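Worksheet for the structure shown next.
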Amino acid sequence: MKVLGIETSCDETGVAVFDTAIGGAAGLRAHAVYSQIALHAEYGGVVPELASRDHVRKLLPLIRQTLAEADLSTRDLDGVAYTAGPGLVGALLVGAGVARSLAWALDVPAIGVHHMEGHLLAPLMEDADPLLGPPQPPFVALLVSGGHTQLVAVDAIGVYRLLGETLDDAAGEAFDKTAKLMGLPYPGGPQLAALAEHGTPGAFRFPRPMTTRPGLDFSFSGLKTQVLLAWQGSDQSEATRADIARGFEDAVVDTLTIKCARALDATGCNTLVVAGGVGANTRLRAKLQADAQRRGGRVCFPRPALCTDNGAMIAFAGALRLEAGQSSDAAVHVTPRWDMATLPPLAAA
């Protein structure tokens with residue numbers, strides 16, 4: 001199947017075409033992402049109404065561009081997948097409306113995809129390890145982004161159990177808010193991570209939240225406060241800013257690594273899949289790779305470009321379900337809050 005994927009859950013407009021006949025990384029015939037960062041920068045965060053309007057402006061041109069890059073026309077499509085939730089309701093409705101209309105006009109099936117399942121399955125889209133092959137359930141997934149920080153037991157594709165989640169800020173959200181506290185412009189998370197590269201390890205050591213007690217939940221709100229106090233009590237020089245950024249990043253990375261190891265021990269799995277925007281963080285990748293090697297296990301990531309919100313993950317996840325005979329009805333329906341555990345299992349194709 002050649003499946004068009006549409007992602008409009010928040011502030012990125014993503015479109016892609018995935019071809020299951022090719023599979024692997026080459027199966028991604030084309031993909032494009034338009035980011036609204038510049039639009040929302042003056043407000044210091046995403047404005048939902050502006051996000052929805054911008055998706056309306058950008059989505060159809062991006063579909064035309066992606067199909068042209070894939071050397072396909074709409075008549076070549078066998079299905080359409082779109083993000084149905086979770087996300088901003090107005091933004092979701094833009095993608096769902098276009099997807100349902102296009103599928104109806106082409107008389108092909110369409111399916112609403114869970115945004116976080118798209119992230120979770122993105123590493124499976126990459127070329128398989130020549131020795132180990134693609135990651136196969138059961139495994140543990142760390143979904144870590146600006147809106148979510150979750151540990152999920154993946155018993156099978158479509159069969160998910162939440163092991164732990166953040167009780168307040170998500171990791172990516174904590175990066176952005178901490179950067180803002182230190183005067184970095186929006187979105188500050190990537191800039192804080194870049195600044196941390198120049199910081200001195202150990203110059204500032206912050207607590208690793210909730211790692212001294214049992215359990216798999218996260219909390220980053222207190223860490224953010226500790227950073228604020230350290231920044232306010234410092235000389236606020238550029239060198240100090242970099243040192244504090246390094247201390248904050250090390251605390252987040254260590255916390256995520258410790259909790260991932262606990263989740264693997266609790267489930268008896270030796271494979272960890274990592275996805276979401278924070279999954280592109282180089283220090284987190286290195287730390288999890290080192291821990292997997294020490295444990296004799298394995299960790300799998302999507303390429304950095306597919307860690308943030310994108311249409312490729314929606315096209316891939318939708319293609320798996322469409323090939324299994326699943327599809328959505330003709331109604332334009334979205335679910336801004338959606339528990340991934342309620343998804344149906346992936347039936348045999």
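Residue numbering restarts at 1 for every chain of the structure tokens, chains are lettered A, B, ... in their displayed order, and ligands are numbered from 1 as they appear.
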
- Name all residues at most 12 Å from Gly183 of chain A (count only C-alpha atoms; drop same-chain ones fewer than 5 positions away) and give them as number ranges by chain. A: 44, 176-178, 188-189, 191-192, 228, 231-232, 236-238, 241, 245

Next on the checklist: Can you tell me which residues surround Arg303 of chain A at a distance of at most 10 Å, considering only C-alpha atoms, apart from same-chain residues fewer than 3 positions away, and format the answer as a ChimeraX atom specification?
Outcome noted: /A:25,122-123,125-126,275,279-280,300,306-308

File of the preceding selection, N, CA, C and O atoms, as a compact mmCIF listing (two decimals), in the first residue's frame:
# COMPACT_ATOMS: atom_id res chain seq x y z
N ALA A 25 13.52 1.93 5.63
CA ALA A 25 13.74 3.36 5.44
C ALA A 25 13.41 3.79 4.01
O ALA A 25 12.93 4.89 3.78
N ALA A 122 7.82 4.64 15.18
CA ALA A 122 8.77 5.26 14.24
C ALA A 122 10.10 4.52 14.14
O ALA A 122 10.64 4.36 13.03
N PRO A 123 10.69 4.02 15.25
CA PRO A 123 11.96 3.30 15.12
C PRO A 123 11.85 2.01 14.29
O PRO A 123 12.84 1.55 13.71
N MET A 125 10.37 1.76 11.56
CA MET A 125 10.40 2.14 10.15
C MET A 125 11.81 2.12 9.59
O MET A 125 12.01 2.05 8.38
N GLU A 126 12.80 2.21 10.47
CA GLU A 126 14.18 2.29 10.02
C GLU A 126 14.67 0.93 9.52
O GLU A 126 14.07 -0.11 9.80
N ALA A 275 11.46 7.24 21.49
CA ALA A 275 10.89 8.11 20.45
C ALA A 275 10.38 9.39 21.09
O ALA A 275 10.20 9.48 22.29
N GLY A 279 14.08 12.44 22.28
CA GLY A 279 14.86 11.30 21.82
C GLY A 279 15.97 11.67 20.85
O GLY A 279 16.85 10.85 20.58
N ALA A 280 15.94 12.90 20.33
CA ALA A 280 17.01 13.36 19.45
C ALA A 280 18.20 13.90 20.25
O ALA A 280 19.26 14.16 19.66
N CYS A 300 16.83 1.23 20.52
CA CYS A 300 16.55 1.60 19.14
C CYS A 300 15.92 2.99 19.10
O CYS A 300 15.03 3.29 19.89
N LEU A 306 13.08 12.27 12.54
CA LEU A 306 11.78 11.65 12.78
C LEU A 306 11.45 11.54 14.27
O LEU A 306 10.50 10.86 14.64
N CYS A 307 12.24 12.21 15.11
CA CYS A 307 11.92 12.24 16.54
C CYS A 307 10.83 13.26 16.83
O CYS A 307 9.92 13.00 17.63
N THR A 308 10.92 14.43 16.20
CA THR A 308 9.88 15.43 16.39
C THR A 308 8.64 15.04 15.59
O THR A 308 8.66 14.08 14.82

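As for atom CA of Pro130 of chain A and atom CA of Val159 of chain A, they are spaced 26.5 Å apart.
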
If you count only C-alpha atoms, which residues fall within 8 Å of segment 161-168 of chain A, apart from same-chain ones fewer than 2 positions away, as an MDAnalysis selection string? chainID A and resid 148:155 159 170 215:221 263 341

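Pairwise distance (atom CA of Gln36 of chain A, atom CA of Val252 of chain A) equals 26.2 Å.
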
What residues in segment 138-339 of chain A get the DSSP label strand (DSSP E or B)? Please answer as an MDAnalysis selection string. chainID A and resid 139:144 149:156 159:166 218 271:275 298:300

If we count only C-alpha atoms, what is near Glu12 of chain A at a cut-off of 7 Å, once residues fewer than 5 positions away on the same chain are taken out, given as a PyMOL selection string? chain A and resi 33-36+309

Could you write out that same residue set with all heavy atoms as a PDB file, in the first residue's frame?
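Below is the file out-v3.pdb, written as the result:
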ATOM      1  N   VAL A  33       8.054  18.561   6.540  1.00  0.00           N
ATOM      2  CA  VAL A  33       7.512  19.129   7.772  1.00  0.00           C
ATOM      3  C   VAL A  33       7.650  20.643   7.716  1.00  0.00           C
ATOM      4  O   VAL A  33       8.726  21.163   7.387  1.00  0.00           O
ATOM      5  CB  VAL A  33       8.241  18.601   9.028  1.00  0.00           C
ATOM      6  CG1 VAL A  33       7.692  19.269  10.290  1.00  0.00           C
ATOM      7  CG2 VAL A  33       8.126  17.092   9.139  1.00  0.00           C
ATOM      8  N   TYR A  34       6.565  21.325   8.015  1.00  0.00           N
ATOM      9  CA  TYR A  34       6.616  22.779   8.165  1.00  0.00           C
ATOM     10  C   TYR A  34       6.428  23.103   9.639  1.00  0.00           C
ATOM     11  O   TYR A  34       5.432  22.721  10.250  1.00  0.00           O
ATOM     12  CB  TYR A  34       5.525  23.469   7.336  1.00  0.00           C
ATOM     13  CG  TYR A  34       5.463  24.960   7.600  1.00  0.00           C
ATOM     14  CD1 TYR A  34       6.367  25.822   6.992  1.00  0.00           C
ATOM     15  CD2 TYR A  34       4.540  25.485   8.503  1.00  0.00           C
ATOM     16  CE1 TYR A  34       6.340  27.181   7.268  1.00  0.00           C
ATOM     17  CE2 TYR A  34       4.501  26.840   8.779  1.00  0.00           C
ATOM     18  CZ  TYR A  34       5.409  27.681   8.161  1.00  0.00           C
ATOM     19  OH  TYR A  34       5.384  29.020   8.438  1.00  0.00           O
ATOM     20  N   SER A  35       7.392  23.818  10.214  1.00  0.00           N
ATOM     21  CA  SER A  35       7.327  24.175  11.627  1.00  0.00           C
ATOM     22  C   SER A  35       6.779  25.591  11.802  1.00  0.00           C
ATOM     23  O   SER A  35       7.121  26.500  11.041  1.00  0.00           O
ATOM     24  CB  SER A  35       8.717  24.083  12.262  1.00  0.00           C
ATOM     25  OG  SER A  35       8.678  24.567  13.595  1.00  0.00           O
ATOM     26  N   GLN A  36       5.962  25.757  12.826  1.00  0.00           N
ATOM     27  CA  GLN A  36       5.366  27.063  13.132  1.00  0.00           C
ATOM     28  C   GLN A  36       6.145  27.820  14.211  1.00  0.00           C
ATOM     29  O   GLN A  36       5.617  28.769  14.799  1.00  0.00           O
ATOM     30  CB  GLN A  36       3.921  26.878  13.591  1.00  0.00           C
ATOM     31  CG  GLN A  36       3.004  26.226  12.584  1.00  0.00           C
ATOM     32  CD  GLN A  36       1.604  26.014  13.139  1.00  0.00           C
ATOM     33  OE1 GLN A  36       1.306  26.361  14.287  1.00  0.00           O
ATOM     34  NE2 GLN A  36       0.731  25.439  12.338  1.00  0.00           N
ATOM     35  N   ASP A 309       7.547  15.785  15.771  1.00  0.00           N
ATOM     36  CA  ASP A 309       6.298  15.456  15.089  1.00  0.00           C
ATOM     37  C   ASP A 309       6.506  15.468  13.574  1.00  0.00           C
ATOM     38  O   ASP A 309       7.117  16.397  13.026  1.00  0.00           O
ATOM     39  CB  ASP A 309       5.207  16.460  15.459  1.00  0.00           C
ATOM     40  CG  ASP A 309       4.824  16.370  16.923  1.00  0.00           C
ATOM     41  OD1 ASP A 309       5.268  15.431  17.599  1.00  0.00           O
ATOM     42  OD2 ASP A 309       4.064  17.244  17.385  1.00  0.00           O
TER      43      ASP A 309
END

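Residues surrounding segment 95-103 of chain A within 8 Å are Ile6, Glu7, Thr8, His55, Leu59, Gly79, Val80, Ala81, Tyr82, Thr83, Ala84, Ala91, Leu92, Leu106, Asp107, Val108, Pro109, Ala110, Gly112, Ala330, Ala331, Val332, His333 and Val334 of chain A [only C-alpha atoms; sequence separation below 3 positions excluded].
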
Query raised in the report: Excluding same-chain residues fewer than 3 positions from Asp250 of chain A, what lies within 9 Å of it counting only C-alpha atoms, as a PyMOL selection string?
Result: chain A and resi 196+201-202+205-206+208+245-247+253-255+283-284
